[in-house]
Amino acid sequence: MALVTRERRPSLAGMLWRSTVGKKAVMAVTGLAMLLYLVAHMLGNLKVFLGPGDMNGYAHWLRTIGEPFLGPGWFLWLARVALVAAVVAHGVAAYQLSRRDLAARPVGYAHRRRRASYATRTMRWGGIILALFVVWHVLDLTTGTVHPGFEQGRPHQNVVNTFSTWYGNVVYSVAMLAVGLHVRHGFWSAAQTLGANRPHLDRALRRAADVLAVALTAGFLAVPIGVMTGVVS
């Protein structure tokens with residue numbers, strides 16, 4: 001008697017991930033999560049203008065969040081794992097969507113669409129630049145691997161050291177400009193994907209994307225500018 005094998009039905013999560021809509025939803029949700037992180041990170045960075053006591057005290061506080069339920073530094077590691085997972089999911093979904101887009105139209109357009117903004121055309125390169133910058137940033141200001149004179153527990157001094165070098169300023173500035181372009185297009189695109197693309201909201205969403213992009217870029221660049229001008233020392 002022949003055995004009848006039942007075909008295993010794919011899970012809902014698997015079906016969503018394999019679909020174009022699902023991948024766009026993953027990009028939107030992870031993108032918004034990373035945007036929240038960027039806003040919080042920028043606000044934390046601006047404490048450098050309050051002096052070493054405030055900046056170093058803030059860094060120490062981050063390591064104590066969740067105590068005594070969580071051990072020292074556990075919250076930071078949980079946040080890092082969640083952030084890495086969001087970055088990987090965002091990047092993989094973006095890559096796979098890009099491959100599908102190329103497969104759907106193997107012959108490029110004879111003329112670029114006029115409405116495609118500079119940010120739209122550079123989203124892929126911007127993502128690669130930011131991924132490389134994250135690696136450098138962690139090795140520079142988190143582990144101190146590529147940071148001569150790195151001092152554990154003294155983020156204020158480490159920031160000043162980094163932005164006292166020309167290459168630290170160049171790498172950081174290029175990356176922050178890429179952040180602004182990425183956020184400007186990504187925020188509006190995520191809102192569309194999540195169903196906020198109503199005609200009466202379109203103009204407000206575009207303005208919100210512009211404001212977020214400018215605010216984040218200016219906020220992050222204020223730190224190296226502060227060091228270069230001597231306001232932060």
# chains A, B, ... in the order shown; residues from 1 in each chain; ligands from 1

$ residues_around --residues "Gly22 of chain A" --least-positions-apart "6" --cutoff "10 Å" --atoms "only C-alpha atoms" --output "CSV table (one decimal) with N, CA, C and O atoms, in the first residue's frame"
chain,number,residue,atom,x,y,z
A,13,ALA,N,4.5,33.5,7.6
A,13,ALA,CA,5.7,34.3,7.6
A,13,ALA,C,6.6,34.0,6.4
A,13,ALA,O,7.1,34.9,5.7
A,14,GLY,N,6.7,32.7,6.0
A,14,GLY,CA,7.5,32.4,4.8
A,14,GLY,C,6.8,32.9,3.5
A,14,GLY,O,7.5,33.4,2.6
A,15,MET,N,5.5,32.8,3.4
A,15,MET,CA,4.8,33.4,2.3
A,15,MET,C,5.0,34.9,2.1
A,15,MET,O,5.2,35.4,1.1
A,16,LEU,N,4.9,35.6,3.3
A,16,LEU,CA,5.1,37.0,3.3
A,16,LEU,C,6.5,37.4,2.8
A,16,LEU,O,6.7,38.3,2.0
A,28,ALA,N,10.1,48.5,5.3
A,28,ALA,CA,9.5,49.6,5.9
A,28,ALA,C,9.6,49.5,7.4
A,28,ALA,O,10.0,50.5,8.1
A,93,ALA,N,16.4,42.2,2.2
A,93,ALA,CA,15.2,42.5,1.5
A,93,ALA,C,15.4,43.5,0.3
A,93,ALA,O,14.9,43.3,-0.8
A,193,THR,N,4.4,52.2,1.8
A,193,THR,CA,4.3,50.7,1.9
A,193,THR,C,3.3,50.4,3.0
A,193,THR,O,2.6,49.4,2.9

$ residues_around --residues "Thr229 of chain A" --least-positions-apart "5" --cutoff "12 Å" --atoms "only C-alpha atoms" --output "list in words"
Val160, Phe163, Ser164, Ala222, Val223 and Pro224 of chain A

$ write_last_selection --atoms "C-alpha atoms" --output "PDB file, in the first residue's frame"
ATOM      1  CA  VAL A 160      37.192  64.500  20.425  1.00  0.00           C
ATOM      2  CA  PHE A 163      37.173  64.311  15.050  1.00  0.00           C
ATOM      3  CA  SER A 164      40.598  65.800  15.602  1.00  0.00           C
ATOM      4  CA  ALA A 222      27.176  69.303  14.612  1.00  0.00           C
ATOM      5  CA  VAL A 223      29.509  67.065  16.632  1.00  0.00           C
ATOM      6  CA  PRO A 224      32.527  67.001  14.266  1.00  0.00           C
TER       7      PRO A 224
END

$ atom_distance --atom1 "atom CA of Ala131 of chain A" --atom2 "atom CA of His156 of chain A"
24.1 Å

$ residues_around --residues "Leu221 of chain A" --least-positions-apart "3" --cutoff "10 Å" --atoms "only C-alpha atoms" --output "list in words"
Met42, Leu46, Asn169, Tyr172, Ser173, Val174, Ala175, Met176, Leu177, Ala215, Leu216, Thr217, Ala218, Pro224, Ile225 and Gly226 of chain A

$ write_last_selection --atoms "N, CA, C and O atoms" --output "PDB file, in the first residue's frame"
ATOM      1  N   MET A  42      21.358  60.359  17.834  1.00  0.00           N
ATOM      2  CA  MET A  42      21.734  61.747  17.580  1.00  0.00           C
ATOM      3  C   MET A  42      21.572  62.590  18.842  1.00  0.00           C
ATOM      4  O   MET A  42      22.453  63.389  19.201  1.00  0.00           O
ATOM      5  N   LEU A  46      24.566  64.637  21.006  1.00  0.00           N
ATOM      6  CA  LEU A  46      24.592  66.075  21.259  1.00  0.00           C
ATOM      7  C   LEU A  46      24.963  66.407  22.699  1.00  0.00           C
ATOM      8  O   LEU A  46      25.282  67.559  23.015  1.00  0.00           O
ATOM      9  N   ASN A 169      36.826  62.975  10.233  1.00  0.00           N
ATOM     10  CA  ASN A 169      35.820  63.945   9.796  1.00  0.00           C
ATOM     11  C   ASN A 169      35.271  63.614   8.409  1.00  0.00           C
ATOM     12  O   ASN A 169      34.069  63.717   8.169  1.00  0.00           O
ATOM     13  N   TYR A 172      33.036  60.354   8.520  1.00  0.00           N
ATOM     14  CA  TYR A 172      31.796  60.618   9.233  1.00  0.00           C
ATOM     15  C   TYR A 172      30.881  61.546   8.431  1.00  0.00           C
ATOM     16  O   TYR A 172      29.671  61.313   8.339  1.00  0.00           O
ATOM     17  N   SER A 173      31.435  62.589   7.848  1.00  0.00           N
ATOM     18  CA  SER A 173      30.625  63.557   7.102  1.00  0.00           C
ATOM     19  C   SER A 173      29.977  62.929   5.881  1.00  0.00           C
ATOM     20  O   SER A 173      28.794  63.153   5.600  1.00  0.00           O
ATOM     21  N   VAL A 174      30.750  62.140   5.133  1.00  0.00           N
ATOM     22  CA  VAL A 174      30.194  61.462   3.951  1.00  0.00           C
ATOM     23  C   VAL A 174      29.062  60.526   4.364  1.00  0.00           C
ATOM     24  O   VAL A 174      27.998  60.487   3.734  1.00  0.00           O
ATOM     25  N   ALA A 175      29.266  59.790   5.456  1.00  0.00           N
ATOM     26  CA  ALA A 175      28.253  58.856   5.924  1.00  0.00           C
ATOM     27  C   ALA A 175      26.995  59.584   6.369  1.00  0.00           C
ATOM     28  O   ALA A 175      25.870  59.134   6.094  1.00  0.00           O
ATOM     29  N   MET A 176      27.138  60.719   7.036  1.00  0.00           N
ATOM     30  CA  MET A 176      25.960  61.449   7.516  1.00  0.00           C
ATOM     31  C   MET A 176      25.172  62.083   6.373  1.00  0.00           C
ATOM     32  O   MET A 176      23.951  62.203   6.445  1.00  0.00           O
ATOM     33  N   LEU A 177      25.861  62.498   5.322  1.00  0.00           N
ATOM     34  CA  LEU A 177      25.156  62.988   4.139  1.00  0.00           C
ATOM     35  C   LEU A 177      24.371  61.842   3.494  1.00  0.00           C
ATOM     36  O   LEU A 177      23.237  62.033   3.023  1.00  0.00           O
ATOM     37  N   ALA A 215      17.228  67.495   9.843  1.00  0.00           N
ATOM     38  CA  ALA A 215      17.484  67.518  11.287  1.00  0.00           C
ATOM     39  C   ALA A 215      18.533  66.482  11.687  1.00  0.00           C
ATOM     40  O   ALA A 215      19.447  66.771  12.471  1.00  0.00           O
ATOM     41  N   LEU A 216      18.423  65.267  11.149  1.00  0.00           N
ATOM     42  CA  LEU A 216      19.377  64.220  11.480  1.00  0.00           C
ATOM     43  C   LEU A 216      20.770  64.552  10.951  1.00  0.00           C
ATOM     44  O   LEU A 216      21.774  64.402  11.666  1.00  0.00           O
ATOM     45  N   THR A 217      20.831  64.994   9.707  1.00  0.00           N
ATOM     46  CA  THR A 217      22.134  65.334   9.124  1.00  0.00           C
ATOM     47  C   THR A 217      22.809  66.457   9.899  1.00  0.00           C
ATOM     48  O   THR A 217      23.991  66.375  10.248  1.00  0.00           O
ATOM     49  N   ALA A 218      22.034  67.504  10.187  1.00  0.00           N
ATOM     50  CA  ALA A 218      22.591  68.638  10.923  1.00  0.00           C
ATOM     51  C   ALA A 218      22.990  68.231  12.341  1.00  0.00           C
ATOM     52  O   ALA A 218      24.048  68.645  12.845  1.00  0.00           O
ATOM     53  N   PRO A 224      31.199  66.745  14.825  1.00  0.00           N
ATOM     54  CA  PRO A 224      32.527  67.001  14.266  1.00  0.00           C
ATOM     55  C   PRO A 224      32.799  68.482  14.036  1.00  0.00           C
ATOM     56  O   PRO A 224      33.947  68.948  14.206  1.00  0.00           O
ATOM     57  N   ILE A 225      31.774  69.247  13.660  1.00  0.00           N
ATOM     58  CA  ILE A 225      31.966  70.690  13.464  1.00  0.00           C
ATOM     59  C   ILE A 225      32.327  71.339  14.799  1.00  0.00           C
ATOM     60  O   ILE A 225      33.184  72.228  14.865  1.00  0.00           O
ATOM     61  N   GLY A 226      31.658  70.885  15.876  1.00  0.00           N
ATOM     62  CA  GLY A 226      31.957  71.421  17.198  1.00  0.00           C
ATOM     63  C   GLY A 226      33.390  71.159  17.618  1.00  0.00           C
ATOM     64  O   GLY A 226      34.048  72.020  18.206  1.00  0.00           O
TER      65      GLY A 226
END

$ closest_residue --among "A:Ala213, A:Leu36, A:Leu139, A:Val183" --to "Ala86 of chain A" --atoms "only C-alpha atoms"
A:Leu36

$ closest_residue --among "A:Ala178, A:Leu38, A:Val21, A:Val232" --to "Leu83 of chain A" --atoms "only C-alpha atoms"
A:Leu38

$ residues_around --residues "segment 47-62 of chain A" --least-positions-apart "5" --cutoff "9 Å" --atoms "only C-alpha atoms" --output "list in words"
Gly73, Phe75, Leu76, Gly153, Arg154, Pro155, His156, Gln157, Val159, Val223, Gly226, Val231, Val232 and Ser233 of chain A

$ write_last_selection --atoms "C-alpha atoms" --output "PDB file, in the first residue's frame"
ATOM      1  CA  GLY A  73      25.566  46.226  29.748  1.00  0.00           C
ATOM      2  CA  PHE A  75      20.471  46.194  27.562  1.00  0.00           C
ATOM      3  CA  LEU A  76      23.090  47.570  25.182  1.00  0.00           C
ATOM      4  CA  GLY A 153      34.537  54.513  29.567  1.00  0.00           C
ATOM      5  CA  ARG A 154      35.505  57.970  28.260  1.00  0.00           C
ATOM      6  CA  PRO A 155      33.350  58.485  25.145  1.00  0.00           C
ATOM      7  CA  HIS A 156      33.709  62.278  25.261  1.00  0.00           C
ATOM      8  CA  GLN A 157      37.472  62.111  24.895  1.00  0.00           C
ATOM      9  CA  VAL A 159      34.847  61.528  20.187  1.00  0.00           C
ATOM     10  CA  VAL A 223      29.509  67.065  16.632  1.00  0.00           C
ATOM     11  CA  GLY A 226      31.957  71.421  17.198  1.00  0.00           C
ATOM     12  CA  VAL A 231      33.515  74.481  20.769  1.00  0.00           C
ATOM     13  CA  VAL A 232      33.973  70.879  21.980  1.00  0.00           C
ATOM     14  CA  SER A 233      37.351  70.000  23.460  1.00  0.00           C
TER      15      SER A 233
END

$ atom_distance --atom1 "atom CA of Leu141 of chain A" --atom2 "atom CA of Asn158 of chain A"
6.7 Å

$ select_by_dssp --residues "segment 124-225 of chain A" --states "helix (DSSP H, G or I)" --output "count of residues only"
81
